[in-house]
$ cat model-v1.cif   # mmCIF, C-alpha atoms
data_upload
#
loop_
_atom_site.label_atom_id
_atom_site.label_comp_id
_atom_site.auth_asym_id
_atom_site.auth_seq_id
_atom_site.Cartn_x
_atom_site.Cartn_y
_atom_site.Cartn_z
CA MET A 106 0.00 0.00 0.00
CA GLY A 107 1.32 3.47 -0.92
CA ASP A 108 1.49 6.68 1.07
CA LYS A 109 -1.87 8.16 2.13
CA ILE A 110 -2.71 11.57 0.73
CA LEU A 111 -5.64 13.73 1.80
CA VAL A 112 -6.93 16.15 -0.85
CA VAL A 113 -9.10 19.03 0.37
CA ASP A 114 -10.67 21.03 -2.49
CA ASP A 115 -14.25 22.11 -3.15
CA ASP A 116 -13.85 21.64 -6.93
CA THR A 117 -14.77 18.01 -7.65
CA ASP A 118 -13.18 18.17 -11.12
CA ILE A 119 -9.86 18.98 -9.43
CA THR A 120 -10.23 16.30 -6.75
CA ASN A 121 -11.19 13.70 -9.38
CA PHE A 122 -8.13 14.64 -11.50
CA ILE A 123 -5.74 14.60 -8.53
CA SER A 124 -7.18 11.35 -7.23
CA ALA A 125 -6.88 9.62 -10.61
CA VAL A 126 -3.29 10.79 -11.17
CA LEU A 127 -2.06 9.90 -7.69
CA GLU A 128 -3.89 6.57 -7.43
CA SER A 129 -2.37 5.51 -10.76
CA ALA A 130 1.03 6.36 -9.24
CA GLY A 131 0.34 4.02 -6.31
CA TYR A 132 -0.85 6.46 -3.65
CA VAL A 133 -3.94 6.00 -1.48
CA VAL A 134 -6.09 9.11 -1.89
CA ASP A 135 -8.92 10.43 0.27
CA CYS A 136 -10.83 13.55 -0.85
CA ARG A 137 -12.82 16.12 1.12
CA THR A 138 -14.67 19.16 -0.21
CA SER A 139 -14.32 21.23 2.97
CA ALA A 140 -11.72 21.96 5.63
CA ASN A 141 -14.36 21.87 8.38
CA GLY A 142 -13.35 19.19 10.87
CA ILE A 143 -9.92 18.80 9.25
CA VAL A 144 -8.03 18.44 12.54
CA GLU A 145 -10.20 15.52 13.66
CA CYS A 146 -10.10 13.99 10.17
CA ILE A 147 -6.30 14.07 10.10
CA GLN A 148 -5.97 12.78 13.65
CA LYS A 149 -8.23 9.86 12.71
CA SER A 150 -6.90 8.99 9.25
CA ALA A 151 -3.22 10.01 9.71
CA PRO A 152 -2.39 10.90 6.09
CA ASP A 153 1.25 11.12 5.03
CA MET A 154 0.59 14.45 3.35
CA VAL A 155 -2.21 16.89 2.55
CA LEU A 156 -3.04 18.79 -0.63
CA LEU A 157 -5.07 21.77 0.60
CA ASP A 158 -6.96 24.32 -1.50
CA TYR A 159 -6.21 27.95 -0.65
CA HIS A 160 -9.72 29.20 -1.53
CA LEU A 161 -12.23 27.05 0.33
CA PRO A 162 -15.68 28.16 1.43
CA GLY A 163 -15.96 28.70 5.17
CA LEU A 164 -12.65 27.65 6.66
CA ASP A 165 -10.11 28.63 3.98
CA GLY A 166 -6.78 26.91 3.35
CA ILE A 167 -4.65 29.32 5.37
CA MET A 168 -6.95 29.10 8.41
CA ALA A 169 -6.99 25.30 8.11
CA LEU A 170 -3.20 25.18 7.79
CA ASN A 171 -2.79 27.40 10.86
CA MET A 172 -5.17 25.14 12.82
CA LEU A 173 -3.21 22.04 11.85
CA ARG A 174 0.12 23.56 12.88
CA SER A 175 -1.31 24.91 16.15
CA ASN A 176 -2.49 21.36 16.92
CA ASN A 177 1.06 20.07 16.34
CA LEU A 178 0.13 18.23 13.14
CA PHE A 179 3.28 18.47 11.07
CA MET A 180 2.74 16.30 8.02
CA PRO A 181 3.72 17.98 4.75
CA ILE A 182 1.00 20.23 3.33
CA VAL A 183 1.00 21.47 -0.26
CA MET A 184 -1.22 24.47 -0.91
CA LEU A 185 -3.34 24.28 -4.09
CA THR A 186 -4.66 27.41 -5.73
CA SER A 187 -5.86 28.88 -9.00
CA ASP A 188 -4.41 32.21 -7.80
CA ALA A 189 -0.69 31.75 -8.34
CA SER A 190 0.27 35.24 -7.15
CA GLN A 191 3.34 35.89 -5.03
CA GLN A 192 1.16 37.09 -2.17
CA VAL A 193 -0.70 33.78 -2.00
CA ALA A 194 2.55 31.81 -2.20
CA ILE A 195 4.15 33.91 0.56
CA ALA A 196 1.08 33.58 2.80
CA SER A 197 1.12 29.81 2.25
CA PHE A 198 4.79 29.40 3.11
CA ARG A 199 4.56 31.71 6.13
CA SER A 200 1.73 29.56 7.46
CA GLY A 201 3.85 26.43 7.13
CA ALA A 202 3.04 25.00 3.71
CA SER A 203 5.66 22.64 2.31
CA ASP A 204 5.05 23.64 -1.27
CA PHE A 205 2.70 25.52 -3.52
CA LEU A 206 0.91 23.99 -6.50
CA PRO A 207 -0.99 26.13 -9.02
CA LYS A 208 -4.10 24.58 -10.51
CA PRO A 209 -4.78 23.29 -12.93
CA CYS A 210 -1.43 21.56 -13.38
CA GLU A 211 -0.06 18.76 -15.50
CA ALA A 212 -0.17 15.21 -14.16
CA GLY A 213 3.61 14.83 -14.31
CA TYR A 214 4.18 18.02 -12.34
CA LEU A 215 1.63 16.99 -9.71
CA GLU A 216 3.34 13.61 -9.28
CA SER A 217 6.74 15.29 -9.08
CA VAL A 218 5.67 17.73 -6.34
CA VAL A 219 4.02 14.96 -4.31
CA ARG A 220 7.02 12.62 -4.64
CA ARG A 221 9.53 15.35 -3.72
CA THR A 222 7.43 16.52 -0.78
CA LEU A 223 7.10 13.01 0.62
CA GLU A 224 10.83 12.42 0.21
CA ASN A 225 11.49 15.56 2.29
CA ARG A 226 9.01 14.75 5.07
CA THR A 227 11.73 13.91 7.59
CA ARG A 228 12.10 17.66 8.03
CA TYR A 229 8.53 17.77 9.38
CA LEU A 230 9.24 14.87 11.70
CA SER A 231 12.22 16.81 13.05
CA GLN A 232 9.97 19.79 13.74
CA ALA A 233 7.55 17.57 15.62
CA VAL A 234 10.38 16.07 17.69
CA ASP A 235 11.64 19.55 18.55
CA ILE A 236 8.20 20.61 19.75
CA LEU A 237 7.51 17.43 21.70
CA SER A 238 10.94 17.47 23.36
CA LYS A 239 9.82 20.54 25.33
CA TYR A 240 7.48 18.23 27.24
CA LEU A 241 10.02 15.57 28.16
CA THR A 242 10.18 14.93 31.87
CA HIS A 243 12.06 12.60 34.13
CA LEU A 244 10.28 10.02 36.23
CA PRO A 245 9.57 11.33 39.74
CA ASP A 246 12.17 9.08 41.38
CA CYS A 247 14.87 9.76 38.79
CA GLY A 248 18.29 10.64 40.03
CA PHE A 249 21.73 10.69 38.50
CA SER A 250 24.35 8.00 38.43
CA GLU A 251 28.02 8.52 39.25
CA SER A 252 28.67 9.14 35.54
CA GLY A 253 26.09 11.95 35.48
CA GLU A 254 23.38 10.13 33.52
CA CYS A 255 19.80 10.00 34.71
CA ARG A 256 18.50 6.69 36.03
CA CYS A 257 15.13 6.81 34.25
CA GLY A 258 16.76 6.62 30.83
CA LEU A 259 15.43 9.89 29.39
CA VAL A 260 18.85 10.95 28.18
CA ALA A 261 19.48 7.62 26.43
CA ILE A 262 16.05 7.64 24.77
CA CYS A 263 16.57 11.18 23.50
CA ALA A 264 20.04 10.35 22.22
CA GLU A 265 18.74 7.27 20.36
CA ASN A 266 16.00 9.27 18.67
CA GLY A 267 17.85 12.50 18.00
CA ALA A 268 15.71 14.63 20.33
CA PRO A 269 17.44 17.78 21.50
CA LEU A 270 17.99 17.83 25.22
CA ALA A 271 19.87 20.72 26.77
CA ARG A 272 21.84 19.85 29.88
CA ARG A 273 23.06 22.11 32.63
CA TYR A 274 25.30 21.46 35.58
CA ASN A 275 23.86 22.15 39.02
CA ALA A 276 26.76 23.42 41.11
CA LEU A 277 24.85 22.91 44.38
CA THR A 278 24.31 19.17 43.91
CA GLY A 279 27.03 18.33 41.42
CA GLN A 280 24.42 16.86 39.06
CA LEU A 281 23.65 17.39 35.42
CA ILE A 282 20.15 18.80 35.05
CA HIS A 283 18.12 18.74 31.83
CA SER A 284 16.67 22.17 31.09
CA ASN A 285 13.35 20.78 29.93
CA SER A 286 12.85 18.41 32.83
CA ARG A 287 10.81 18.82 36.00
CA LEU A 288 14.04 18.43 37.95
CA PHE A 289 15.43 21.58 36.39
CA LEU A 290 12.18 23.50 36.67
CA SER A 291 11.87 22.71 40.37
CA LEU A 292 15.25 24.27 41.27
#
$ encode --input "model-v1.cif" --output "structure tokens"
Amino acid sequence: MGDKILVVDDDTDITNFISAVLESAGYVVDCRTSANGIVECIQKSAPDMVLLDYHLPGLDGIMALNMLRSNNLFMPIVMLTSDASQQVAIASFRSGASDFLPKPCEAGYLESVVRRTLENRTRYLSQAVDILSKYLTHLPDCGFSESGECRCGLVAICAENGAPLARRYNALTGQLIHSNSRLFLSL
């Protein structure tokens, strides 16, 4: 089974075209005609990427994109629009869009943008890790070993997964303290 792509566009001719092109390329495509309820939809279906129309009735593409990012949903999102002006592109990128796709577009170009965006999605995973690492905490009974490592394993887990974890030396106790841990915050 291929990557899952959610297409949100109120123009059914566009969604039918995109769906046909991407399904023939091996992707699994789900289409919606509105961005209403998009956060819940994405949390439930967990698409690998979203193609989102800029001009949607009600909740427009920029508002939907801002909602997704504010809910820490960091899958790649490509903004679709028939208005290919610089202002629309800039607004899309400032809101966190991965790319910008004018419509209509050729099938080959659509496939190329989707493939490239999915290949670059590790960048979005890194953003999610950075945000989530702010909430890392040690277990309540965690202490530090003679070598300065915590006993609950938070440091090792972060190191294995590439999560940033700032450390600071506590001169009073002689222990290394993690700046985003409860131990540090309680000092």
$ closest_atom_pairs --input "model-v1.cif" --of "segment 139-164 of chain A" --to "segment 116-125 of chain A" --cutoff "12 Å" --atoms "all atoms listed in the file" --output "Markdown table"
| residue | atom | partner | partner_atom | distance |
| --- | --- | --- | --- | --- |
| A:Ser139 | CA | A:Asp116 | CA | 9.9 |
| A:Val155 | CA | A:Ile123 | CA | 11.9 |
| A:Leu156 | CA | A:Ile123 | CA | 9.3 |
| A:Leu157 | CA | A:Thr120 | CA | 10.5 |
| A:Asp158 | CA | A:Asp116 | CA | 9.2 |
| A:Tyr159 | CA | A:Asp116 | CA | 11.7 |
| A:His160 | CA | A:Asp116 | CA | 10.2 |
| A:Leu161 | CA | A:Asp116 | CA | 9.2 |
| A:Pro162 | CA | A:Asp116 | CA | 10.8 |
$ closest_residue --input "model-v1.cif" --among "A:Met184, A:Val134, A:Val218, A:Val144" --to "Ser200 of chain A" --atoms "only C-alpha atoms"
A:Met184
$ resolve_selection --input "model-v1.cif" --expression "the PyMOL selection byres ((chain A and resi 220) around 12)" --output "PyMOL selection string"
chain A and resi 107-108+110+127+130-132+153-154+181+183+204+213-219+221-226
$ closest_residue --input "model-v1.cif" --among "A:Cys255, A:Val112, A:Ala151, A:Ile195" --to "Arg137 of chain A" --atoms "all atoms listed in the file"
A:Val112
$ atom_distance --input "model-v1.cif" --atom1 "atom CA of Ser190 of chain A" --atom2 "atom CA of Glu211 of chain A"
18.5 Å
$ decode --input "model-v1.cif" --residues "segment 162-205 of chain A" --atoms "C-alpha atoms" --output "compact mmCIF listing (two decimals), in the first residue's frame"
# COMPACT_ATOMS: atom_id res chain seq x y z
CA PRO A 162 -15.68 28.16 1.43
CA GLY A 163 -15.96 28.70 5.17
CA LEU A 164 -12.65 27.65 6.66
CA ASP A 165 -10.11 28.63 3.98
CA GLY A 166 -6.78 26.91 3.35
CA ILE A 167 -4.65 29.32 5.37
CA MET A 168 -6.95 29.10 8.41
CA ALA A 169 -6.99 25.30 8.11
CA LEU A 170 -3.20 25.18 7.79
CA ASN A 171 -2.79 27.40 10.86
CA MET A 172 -5.17 25.14 12.82
CA LEU A 173 -3.21 22.04 11.85
CA ARG A 174 0.12 23.56 12.88
CA SER A 175 -1.31 24.91 16.15
CA ASN A 176 -2.49 21.36 16.92
CA ASN A 177 1.06 20.07 16.34
CA LEU A 178 0.13 18.23 13.14
CA PHE A 179 3.28 18.47 11.07
CA MET A 180 2.74 16.30 8.02
CA PRO A 181 3.72 17.98 4.75
CA ILE A 182 1.00 20.23 3.33
CA VAL A 183 1.00 21.47 -0.26
CA MET A 184 -1.22 24.47 -0.91
CA LEU A 185 -3.34 24.28 -4.09
CA THR A 186 -4.66 27.41 -5.73
CA SER A 187 -5.86 28.88 -9.00
CA ASP A 188 -4.41 32.21 -7.80
CA ALA A 189 -0.69 31.75 -8.34
CA SER A 190 0.27 35.24 -7.15
CA GLN A 191 3.34 35.89 -5.03
CA GLN A 192 1.16 37.09 -2.17
CA VAL A 193 -0.70 33.78 -2.00
CA ALA A 194 2.55 31.81 -2.20
CA ILE A 195 4.15 33.91 0.56
CA ALA A 196 1.08 33.58 2.80
CA SER A 197 1.12 29.81 2.25
CA PHE A 198 4.79 29.40 3.11
CA ARG A 199 4.56 31.71 6.13
CA SER A 200 1.73 29.56 7.46
CA GLY A 201 3.85 26.43 7.13
CA ALA A 202 3.04 25.00 3.71
CA SER A 203 5.66 22.64 2.31
CA ASP A 204 5.05 23.64 -1.27
CA PHE A 205 2.70 25.52 -3.52
